[in-house]
Amino acid sequence: MAIYLDKNENAFDIPENIKYEFMEYIKKTNLNRYPEKGLPSLLEKIGDFSGFNGDNIIAGNGSDELLNIIIHQAKGNILVNTPTFEMYQFYANNYGYDTINVPLKSDFSLDTENITNKNNVKLIIICSPNNPTGNLIDRDQIEEILDLHIPTIIDNAYYEFSGEDYTDLLNEYDNLIILRTFSKAFSMAGLRIGYGIANRNVALNIKKLQAPFYINVLSAKLAEIMMEHYSTVQEHVKYIINERKRFYSAIKDIAFDSRANFLLLKKDLYRYMENRDIHIRKLPLLNDRSRVTVGKKEENDVAIDAIKEYISENL
Ligand code: PMP
């Protein structure tokens, strides 16, 4: 049976009791009607959930959409710390902007000196935990970058797996936007909702660029339901973190440790694993490496066995 460990999705689907609750909502909702203009109640609920006001929250059709809008609005060079999430470059190039690629150091920390020396940067994107390296970026390094007073995104898509909360930095820095998503810890990749937390003026300026009905009623409702069932989300996250630790210990020789729901492998095992019907992520910009998502125990067991076999044959 094929195993999909390629897209950093949550190993768990939304449990059936929660799906029933969602279906009840669908039954009694008039789908011929538009959502509430600007989705204010969703923003309020995300605000309550994350300890902010609705004014501080932006939401989008996946955090991808928010990245798209914010990058578009930057109107100039975007600094990214490579290797990192490829969509930053994709959006920048779509708008004809250049990315300034500053390589991470060999321990995957930021090269703050190199970042500081770049001119004409309109937006800095720090991905933490970083995809695909899996490490957290040190908060002192982040503060050093925020002190440049250039608009900066912390892409915190894997926040719940890392336990590292950067929102306190928003008290001090109004050039910061923290992006999160319902796609990973909340198991909602198929419904496409991401959100951001920022200073209210920053949030307001992004809202001005959005269409009135930027999220559909069903996705918005399921996000609300999932926030009410956060203990289930936490159970899934805990399971995945435990599995990540087990996975990493079993293949230490060939992997980097991670604070997300995936591991970066030190070799390109894409083809080797494909041949075993285990789908992992090929990394076009990092051609001697590959990335494996942490799945359910049974899936991880199969992947671990295959990787161990590779290690015993090749290392
Ligand atoms: N940021 C990072 C670092 C990601 O890995 C992903 C998804 N792979 C996203 C953002 C986009 O997430 P979504 O659009 O599903 O919210």
# chains A, B, ... in the order shown; residues from 1 in each chain; ligands from 1
call {"tool": "residues_around", "arguments": {"residues": "Glu298 of chain A", "least_positions_apart": "6", "cutoff": "12 Å", "atoms": "only C-alpha atoms", "output": "PyMOL selection string"}}
result
chain A and resi 1+3+11+243+247+304-305
call {"tool": "write_last_selection", "arguments": {"atoms": "C-alpha atoms", "output": "compact mmCIF listing (two decimals), in the first residue's frame"}}
result
# COMPACT_ATOMS: atom_id res chain seq x y z
CA MET A 1 0.00 0.00 0.00
CA ILE A 3 2.46 5.62 1.93
CA ALA A 11 -1.12 12.10 9.84
CA GLU A 243 6.75 9.67 16.57
CA PHE A 247 11.76 8.26 13.83
CA ILE A 304 12.13 3.57 9.07
CA ASP A 305 12.75 -0.02 7.95
call {"tool": "residues_around", "arguments": {"residues": "Lys267 of chain A", "least_positions_apart": "5", "cutoff": "7 Å", "atoms": "only C-alpha atoms", "output": "PDB file with N, CA, C and O atoms, in the first residue's frame"}}
result
ATOM      1  N   ILE A 254      21.397   9.550   9.349  1.00  0.00           N
ATOM      2  CA  ILE A 254      21.106  10.077   8.017  1.00  0.00           C
ATOM      3  C   ILE A 254      20.091  11.227   8.062  1.00  0.00           C
ATOM      4  O   ILE A 254      19.637  11.715   7.019  1.00  0.00           O
ATOM      5  N   ASP A 288      21.046  16.786  -2.950  1.00  0.00           N
ATOM      6  CA  ASP A 288      21.620  15.630  -2.265  1.00  0.00           C
ATOM      7  C   ASP A 288      20.831  15.284  -1.004  1.00  0.00           C
ATOM      8  O   ASP A 288      21.282  14.517  -0.178  1.00  0.00           O
ATOM      9  N   ARG A 289      19.640  15.886  -0.863  1.00  0.00           N
ATOM     10  CA  ARG A 289      18.866  15.647   0.359  1.00  0.00           C
ATOM     11  C   ARG A 289      17.421  15.318  -0.001  1.00  0.00           C
ATOM     12  O   ARG A 289      17.034  15.372  -1.161  1.00  0.00           O
ATOM     13  N   SER A 290      16.620  15.008   0.983  1.00  0.00           N
ATOM     14  CA  SER A 290      15.190  14.796   0.764  1.00  0.00           C
ATOM     15  C   SER A 290      14.492  14.982   2.109  1.00  0.00           C
ATOM     16  O   SER A 290      15.153  15.115   3.136  1.00  0.00           O
TER      17      SER A 290
END
call {"tool": "atom_distance", "arguments": {"atom1": "atom CA of Ile206 of chain A", "atom2": "atom CA of Ile69 of chain A"}}
result
7.4 Å
call {"tool": "select_by_dssp", "arguments": {"residues": "segment 128-213 of chain A", "states": "strand (DSSP E or B)", "output": "list in words"}}
result
Thr152, Ile153, Ile154, Asp155, Leu176, Ile177, Ile178, Leu179, Arg180, Thr181, Gly194, Tyr195, Gly196, Ile197 and Ala198 of chain A
call {"tool": "residues_around", "arguments": {"residues": "Phe85 of chain A", "least_positions_apart": "5", "cutoff": "10 Å", "atoms": "only C-alpha atoms", "output": "PDB file with N, CA and C atoms, in the first residue's frame"}}
result
ATOM      1  N   VAL A  80      15.187  35.985   1.675  1.00  0.00           N
ATOM      2  CA  VAL A  80      14.837  34.681   2.252  1.00  0.00           C
ATOM      3  C   VAL A  80      16.113  33.940   2.655  1.00  0.00           C
ATOM      4  N   PHE A  90       8.543  31.758  -5.481  1.00  0.00           N
ATOM      5  CA  PHE A  90       7.511  31.646  -6.513  1.00  0.00           C
ATOM      6  C   PHE A  90       6.685  32.930  -6.591  1.00  0.00           C
ATOM      7  N   ILE A 125      11.772  37.255   5.096  1.00  0.00           N
ATOM      8  CA  ILE A 125      10.952  36.118   5.542  1.00  0.00           C
ATOM      9  C   ILE A 125      11.839  35.138   6.296  1.00  0.00           C
ATOM     10  N   ILE A 126      11.442  34.884   7.538  1.00  0.00           N
ATOM     11  CA  ILE A 126      12.142  33.909   8.375  1.00  0.00           C
ATOM     12  C   ILE A 126      11.169  32.763   8.599  1.00  0.00           C
ATOM     13  N   CYS A 127      11.541  31.585   8.207  1.00  0.00           N
ATOM     14  CA  CYS A 127      10.664  30.434   8.376  1.00  0.00           C
ATOM     15  C   CYS A 127      11.150  29.664   9.606  1.00  0.00           C
ATOM     16  N   ASN A 130      11.979  25.925  10.245  1.00  0.00           N
ATOM     17  CA  ASN A 130      12.192  26.118   8.813  1.00  0.00           C
ATOM     18  C   ASN A 130      11.879  24.845   8.026  1.00  0.00           C
ATOM     19  N   ASN A 131      11.172  25.038   6.933  1.00  0.00           N
ATOM     20  CA  ASN A 131      10.925  23.962   5.977  1.00  0.00           C
ATOM     21  C   ASN A 131      11.922  24.139   4.839  1.00  0.00           C
ATOM     22  N   PRO A 132      12.815  23.209   4.541  1.00  0.00           N
ATOM     23  CA  PRO A 132      12.806  21.806   4.920  1.00  0.00           C
ATOM     24  C   PRO A 132      13.807  21.393   6.016  1.00  0.00           C
ATOM     25  N   THR A 133      14.508  22.350   6.646  1.00  0.00           N
ATOM     26  CA  THR A 133      15.567  21.894   7.563  1.00  0.00           C
ATOM     27  C   THR A 133      15.017  21.443   8.919  1.00  0.00           C
ATOM     28  N   ASP A 155       7.316  32.898   9.346  1.00  0.00           N
ATOM     29  CA  ASP A 155       6.393  31.865   8.881  1.00  0.00           C
ATOM     30  C   ASP A 155       6.451  30.728   9.904  1.00  0.00           C
TER      31      ASP A 155
END
